[in-house]
Each structure stands twice: as structure tokens, then as C-alpha cells.
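Have a look at the structure below before the remarks.
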Amino acid sequence: MTTTFYVDRSSPLHGLNPVTKLVAGLALIVMAFALSRPWWASAVLFVVVLVPAVAIGGVQRRFFAMLAKFLLPLLVMLFIVQSLFYPGGREVIFGLGPITVEREGVLFAAQTASRLLVLVGVFAALLLTTHAGRMMAALVQRGMSPKISYVVSATLQIIPNFQRRADAIVQAQRARGLDTEGSRWRRAKALVPLLSPLVLGAFTEVGERAVAIEARAFTVRGPKTSLVVIPDSRTQQVARWGLVLLAVGAVVSRLWV
């Protein structure tokens with residue numbers, strides 16, 4: 001059984017070719033990391049591009065819930081560490097005894113946080129609006145090796161599959177009398193009997209996927225047919241090349257500035 005974060009909607013974003021969404025996401029990530037001046041350039045990309053896109057797709061609630069769950073603790077730690085321990089900071093904006101918060105550290109943390117928002121946001125948007133099977137079929141149609149397309153498709157399913165397996169293991173251990181609630185120390189002790197079946201299950205699934213790959217003749221050379229044909233318009237093809245040029249332009253501008 002395969003679990004994904006995909007939310008089925010009839011939106012313009014869902015209707016795009018998965019390759020177009022993948023190229024757009026990668027181009028956005030490249031531009032976010034290539035644009036260093038001003039420091040808020042990545043934040044603008046997130047607000048102007050990603051937020052309207054997920055709103056068009058109708059998945060904004062799930063999108064922001066995923067960001068809050070997976071990214072918020074990291075961003076909080078990032079601001080604390082960089083604000084207090086940024087090397088070479090000169091302008092102190094707040095001080096309390098030996099503790100000082102420097103402007104350079106805050107700006108660096110804000111820039112890094114905005115880049116992480118774009119990076120994680122792109123993959124969250126892909127997970128929510130792109131079915132892994134359609135992504136794989138679209139990549140194969142565009143000439144990509146079935147093996148590589150399978151790796152891309154499987155990567156999009158890693159987190160939801162681990163989450164599904166972890167939930168099943170927790171329910172099974174609770175049925176056997178394991179206490180997974182209560183104090184932090186009790187929950188920490190409960191992690192040990194949960195991790196072993198989670199890791200072993202992952203290895204078992206790898207073997208099952210290998211058998212599935214062989215059964216589908218992935219190693220056989222020559223053209224392959226598919227029951228699913230993903231539409232791909234000329235407009236989207238031109239748009240993909242335009243996005244690639246934008247990403248290349250951002251990298252070139254970073255090298256020259």
C-alpha cells in the first residue's frame with residue numbers, strides 16, 4: 001500500500017503537466033539560492049509565487065500545516081543560534097548582560113529561513129498537487145530513463161510512506177500494551193521498540209520495490225508503452241525552457257555580482 005500527501009482537486013495547478021511543475025519548482029529553488037541581494041529576495045519569491053500557486057490549487061491549508069510541522073522548529077532554532085552566535089557581527093540591536101543579538105546574524109537567519117521556506121515549500125506543493133504515478137509517467141514520456149523517473153517518484157513518497165508505517169507500528173505496539181503517551185521520558189523510552197520495526201520495514205519495502213521493478217521490465221532496453229498519457233501542450237514546453245533560462249540567468253547574475 002502506497003500513501004502520498006496528494007490532494008485530489010480539479011484546479012489549474014493540478015492540471016499542469018507534472019514535468020512543468022517539477023521544472024518550475026527546481027527553477028524557483030535555484031533562483032532563491034542564487035539571489036543574495038537584497039536579503040529578502042527569497043521571501044518575495046515565496047510570497048509572490050508559491051503562496052498564490054497553492055491557493056490556486058486549493059491546498060493552502062495543508063500546505064501551511066506541513067510547513068509549520070516540518071519547518072517551524074528548525075526556523076526557531078535557526079534564529080536563536082544565528083542571532084546570538086553569528087561570527088563577525090558588529091551592530092548590536094539588543095543586549096542583556098553577556099547575551100547580545102546582532103543585526104548581521106538576524107539578517108542572515110532571515111535570508112536562510114526564506115530560502116528554506118522556498119525549498120521545503122516547493123516540495124510540499126509538488127507532494128500536494130502531483131500524483132507520484134503521473135509524475136513518473138510524465139517523466140518517461142519526456143524521454144527520461146524509467147529507473148531515474150522511478151527514483152524521483154519514490155522520493156516523493158518517502159515521507160508519507162514512513163509516516164504511514166510509523167502510525168501502523170504505534171497502533172500495533174499500543175495494542176500490545178506499550179505505553180506511548182505520558183511524560184517525555186516515557187515517550188522517549190517508547191521510541192526504542194518503535195524504531196526497530198520501522199527500519200526493518202523500510203528494508204523489507206526496498207526488496208519489494210526491487211521485485212516490482214523487475215516485474216515491470218525496467219531493466220529491459222527499448223521503448224516502453226504506458227496506459228496513461230499525460231497531456232503536454234506547446235505552451236507548457238515553451239514555459240519550461242523560459243523557466244530554465246530564468247534560473248540560469250539568476251546563477252550568472254550571482255557569479256558576476
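Each chain of the C-alpha cells is named A, B, ... in the order shown, its residues numbered from 1; ligands are numbered from 1 in display order.
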Practice item. Output as a PyMOL selection string all residues of segment 9-102 of chain A that backbone DSSP marks as helix (DSSP H, G or I). Key: chain A and resi 12-15+18-34+41-57+60-70+72-85
Review point. Any idea what's packed within 8 Å of segment 20-28 of chain A, counting only C-alpha atoms, ignoring anything in its chain fewer than 5 positions away? Could you give it as a list in words?
Key: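 Listing them by chain and then by number gives Leu45, Val118, Val122, Phe123, Leu126, Gln236, Gln237, Ala239, Arg240, Leu243, Val244, Leu246 and Ala247 of chain A.
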For Thr130 of chain A, please output as a short mmCIF file (atom, residue, chain, number, x, y, z; two decimals) with all heavy atoms, in the first residue's frame all residues within 7 Å (counting only C-alpha atoms; exclusion window: fewer than 2 positions along the same chain).
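Below you can see out_9.cif, which holds the result:
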data_model
loop_
_atom_site.label_atom_id
_atom_site.label_comp_id
_atom_site.auth_asym_id
_atom_site.auth_seq_id
_atom_site.Cartn_x
_atom_site.Cartn_y
_atom_site.Cartn_z
N TYR A 6 -0.81 13.59 -1.66
CA TYR A 6 -1.54 14.16 -2.79
C TYR A 6 -3.00 14.42 -2.42
O TYR A 6 -3.68 13.58 -1.84
CB TYR A 6 -1.48 13.21 -3.98
CG TYR A 6 -2.30 13.63 -5.16
CD1 TYR A 6 -1.96 14.74 -5.92
CD2 TYR A 6 -3.44 12.91 -5.53
CE1 TYR A 6 -2.72 15.13 -7.01
CE2 TYR A 6 -4.20 13.29 -6.62
CZ TYR A 6 -3.83 14.39 -7.35
OH TYR A 6 -4.60 14.77 -8.43
N HIS A 14 -3.29 21.50 -10.55
CA HIS A 14 -3.32 20.05 -10.67
C HIS A 14 -3.29 19.62 -12.14
O HIS A 14 -2.77 18.55 -12.47
CB HIS A 14 -4.58 19.48 -10.00
CG HIS A 14 -4.52 19.48 -8.51
ND1 HIS A 14 -4.63 20.64 -7.76
CD2 HIS A 14 -4.39 18.47 -7.61
CE1 HIS A 14 -4.57 20.34 -6.47
NE2 HIS A 14 -4.42 19.03 -6.36
N PRO A 18 3.10 17.28 -14.87
CA PRO A 18 4.00 17.18 -13.72
C PRO A 18 5.42 17.65 -14.00
O PRO A 18 6.08 18.19 -13.11
CB PRO A 18 3.96 15.68 -13.39
CG PRO A 18 2.63 15.22 -13.88
CD PRO A 18 2.37 16.02 -15.12
N LEU A 126 4.57 20.28 -4.58
CA LEU A 126 4.61 19.14 -5.51
C LEU A 126 3.89 17.93 -4.92
O LEU A 126 3.12 17.24 -5.61
CB LEU A 126 6.06 18.78 -5.84
CG LEU A 126 6.75 19.60 -6.92
CD1 LEU A 126 8.23 19.21 -7.01
CD2 LEU A 126 6.08 19.40 -8.26
N LEU A 127 4.15 17.64 -3.64
CA LEU A 127 3.52 16.49 -3.00
C LEU A 127 2.01 16.63 -2.95
O LEU A 127 1.28 15.65 -3.14
CB LEU A 127 4.07 16.33 -1.58
CG LEU A 127 5.50 15.80 -1.44
CD1 LEU A 127 5.95 15.92 0.01
CD2 LEU A 127 5.61 14.37 -1.92
N LEU A 128 1.53 17.84 -2.72
CA LEU A 128 0.09 18.05 -2.54
C LEU A 128 -0.67 18.11 -3.85
O LEU A 128 -1.88 17.81 -3.88
CB LEU A 128 -0.15 19.35 -1.76
CG LEU A 128 0.29 19.34 -0.29
CD1 LEU A 128 0.21 20.74 0.30
CD2 LEU A 128 -0.56 18.36 0.53
N ALA A 132 2.20 10.80 -7.66
CA ALA A 132 3.51 10.22 -7.97
C ALA A 132 3.47 9.39 -9.25
O ALA A 132 4.43 9.39 -10.04
CB ALA A 132 3.98 9.35 -6.79
N MET A 135 3.58 11.72 -12.20
CA MET A 135 4.92 12.28 -12.33
C MET A 135 5.84 11.29 -13.04
O MET A 135 6.58 11.66 -13.96
CB MET A 135 5.47 12.61 -10.93
CG MET A 135 6.95 13.01 -10.93
SD MET A 135 7.25 14.60 -11.72
CE MET A 135 6.68 15.69 -10.41
#
Review point. Which polymer residues have any atom within 12 Å of an atom of Val54 of chain A, counting only C-alpha atoms, with same-chain residues fewer than 3 positions away left out, as a VMD selection string?
Key: chain A and resid 7 9 11 to 14 21 46 to 51 57 to 64 121 to 130
Review point. Counting only C-alpha atoms, what is within 9 Å of segment 40-43 of chain A, bar same-chain residues fewer than 6 positions away, as a PyMOL selection string?
Key: chain A and resi 29+31-33+107+110-118
Limited to all heavy atoms, could you put the picked residues into a file as a tab-separated table (two decimals), in the first residue's frame?
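Contents of the output file result22.tsv:
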chain	number	residue	atom	x	y	z
A	29	ILE	N	13.79	27.13	-6.77
A	29	ILE	CA	14.80	26.85	-5.76
A	29	ILE	C	16.15	27.44	-6.16
A	29	ILE	O	16.85	28.06	-5.35
A	29	ILE	CB	14.92	25.33	-5.53
A	29	ILE	CG1	13.65	24.79	-4.87
A	29	ILE	CG2	16.13	25.00	-4.66
A	29	ILE	CD1	13.60	23.29	-4.79
A	31	MET	N	16.73	29.97	-8.15
A	31	MET	CA	16.67	31.43	-8.06
A	31	MET	C	16.71	31.88	-6.60
A	31	MET	O	17.33	32.90	-6.27
A	31	MET	CB	15.41	31.95	-8.75
A	31	MET	CG	15.47	31.88	-10.27
A	31	MET	SD	14.07	32.69	-11.09
A	31	MET	CE	12.78	31.50	-10.78
A	32	ALA	N	16.05	31.16	-5.71
A	32	ALA	CA	16.04	31.53	-4.29
A	32	ALA	C	17.44	31.50	-3.70
A	32	ALA	O	17.80	32.37	-2.89
A	32	ALA	CB	15.11	30.61	-3.51
A	33	PHE	N	18.24	30.51	-4.09
A	33	PHE	CA	19.59	30.41	-3.54
A	33	PHE	C	20.60	31.26	-4.30
A	33	PHE	O	21.64	31.62	-3.76
A	33	PHE	CB	20.04	28.95	-3.54
A	33	PHE	CG	19.50	28.15	-2.39
A	33	PHE	CD1	18.23	27.58	-2.47
A	33	PHE	CD2	20.22	27.97	-1.23
A	33	PHE	CE1	17.71	26.84	-1.41
A	33	PHE	CE2	19.71	27.25	-0.17
A	33	PHE	CZ	18.45	26.67	-0.27
A	107	LEU	N	19.74	39.17	10.08
A	107	LEU	CA	19.54	39.24	8.63
A	107	LEU	C	19.95	37.93	7.95
A	107	LEU	O	19.27	37.45	7.03
A	107	LEU	CB	20.33	40.40	8.03
A	107	LEU	CG	19.86	41.81	8.42
A	107	LEU	CD1	20.73	42.86	7.75
A	107	LEU	CD2	18.40	42.01	8.06
A	110	ALA	N	17.27	35.43	8.64
A	110	ALA	CA	16.08	35.70	7.85
A	110	ALA	C	16.27	35.26	6.40
A	110	ALA	O	15.36	34.69	5.79
A	110	ALA	CB	15.75	37.19	7.91
A	111	GLN	N	17.45	35.52	5.85
A	111	GLN	CA	17.72	35.10	4.47
A	111	GLN	C	17.72	33.57	4.35
A	111	GLN	O	17.12	33.01	3.42
A	111	GLN	CB	19.06	35.64	4.01
A	111	GLN	CG	19.38	35.33	2.55
A	111	GLN	CD	20.75	35.83	2.15
A	111	GLN	OE1	21.76	35.45	2.74
A	111	GLN	NE2	20.79	36.69	1.15
A	112	THR	N	18.37	32.90	5.29
A	112	THR	CA	18.40	31.44	5.27
A	112	THR	C	17.01	30.86	5.46
A	112	THR	O	16.62	29.88	4.80
A	112	THR	CB	19.34	30.91	6.36
A	112	THR	OG1	20.64	31.50	6.20
A	112	THR	CG2	19.47	29.39	6.29
A	113	ALA	N	16.23	31.46	6.35
A	113	ALA	CA	14.87	30.98	6.60
A	113	ALA	C	14.00	31.12	5.36
A	113	ALA	O	13.22	30.22	5.02
A	113	ALA	CB	14.25	31.74	7.77
A	114	SER	N	14.13	32.24	4.65
A	114	SER	CA	13.32	32.44	3.44
A	114	SER	C	13.72	31.44	2.35
A	114	SER	O	12.87	30.94	1.61
A	114	SER	CB	13.48	33.87	2.93
A	114	SER	OG	14.83	34.15	2.59
A	115	ARG	N	15.01	31.11	2.27
A	115	ARG	CA	15.44	30.11	1.29
A	115	ARG	C	14.90	28.74	1.65
A	115	ARG	O	14.47	27.98	0.77
A	115	ARG	CB	16.97	30.08	1.23
A	115	ARG	CG	17.58	31.30	0.55
A	115	ARG	CD	19.09	31.28	0.65
A	115	ARG	NE	19.68	32.35	-0.15
A	115	ARG	CZ	20.97	32.66	-0.15
A	115	ARG	NH1	21.81	31.96	0.62
A	115	ARG	NH2	21.43	33.62	-0.92
A	116	LEU	N	14.92	28.40	2.92
A	116	LEU	CA	14.36	27.12	3.36
A	116	LEU	C	12.86	27.06	3.11
A	116	LEU	O	12.32	26.00	2.77
A	116	LEU	CB	14.67	26.89	4.83
A	116	LEU	CG	16.13	26.58	5.18
A	116	LEU	CD1	16.31	26.49	6.69
A	116	LEU	CD2	16.58	25.29	4.53
A	117	LEU	N	12.19	28.18	3.29
A	117	LEU	CA	10.75	28.23	3.01
A	117	LEU	C	10.48	27.89	1.54
A	117	LEU	O	9.54	27.14	1.23
A	117	LEU	CB	10.19	29.61	3.34
A	117	LEU	CG	9.82	29.88	4.80
A	117	LEU	CD1	9.44	31.34	4.98
A	117	LEU	CD2	8.68	28.97	5.24
A	118	VAL	N	11.28	28.46	0.65
A	118	VAL	CA	11.11	28.17	-0.77
A	118	VAL	C	11.43	26.71	-1.05
A	118	VAL	O	10.68	26.02	-1.75
A	118	VAL	CB	12.00	29.09	-1.63
A	118	VAL	CG1	11.95	28.68	-3.09
A	118	VAL	CG2	11.56	30.54	-1.48
**Study point:** Per-residue DSSP, segment 62-167 of chain A, filtered to strand (DSSP E), as a PyMOL selection string
**Key:** chain A and resi 92-96+99-102
Practice item. Work out how far atom CA of Val228 of chain A is from atom CA of Ile56 of chain A, in Å to one decimal. Key: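 Interatomic distance, atom CA of Ile56 of chain A to atom CA of Val228 of chain A: 25.0 Å.
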Check your understanding: In Å to one decimal, how far is atom CA of Val106 of chain A from atom CA of Glu91 of chain A?
Key -> 10.5 Å
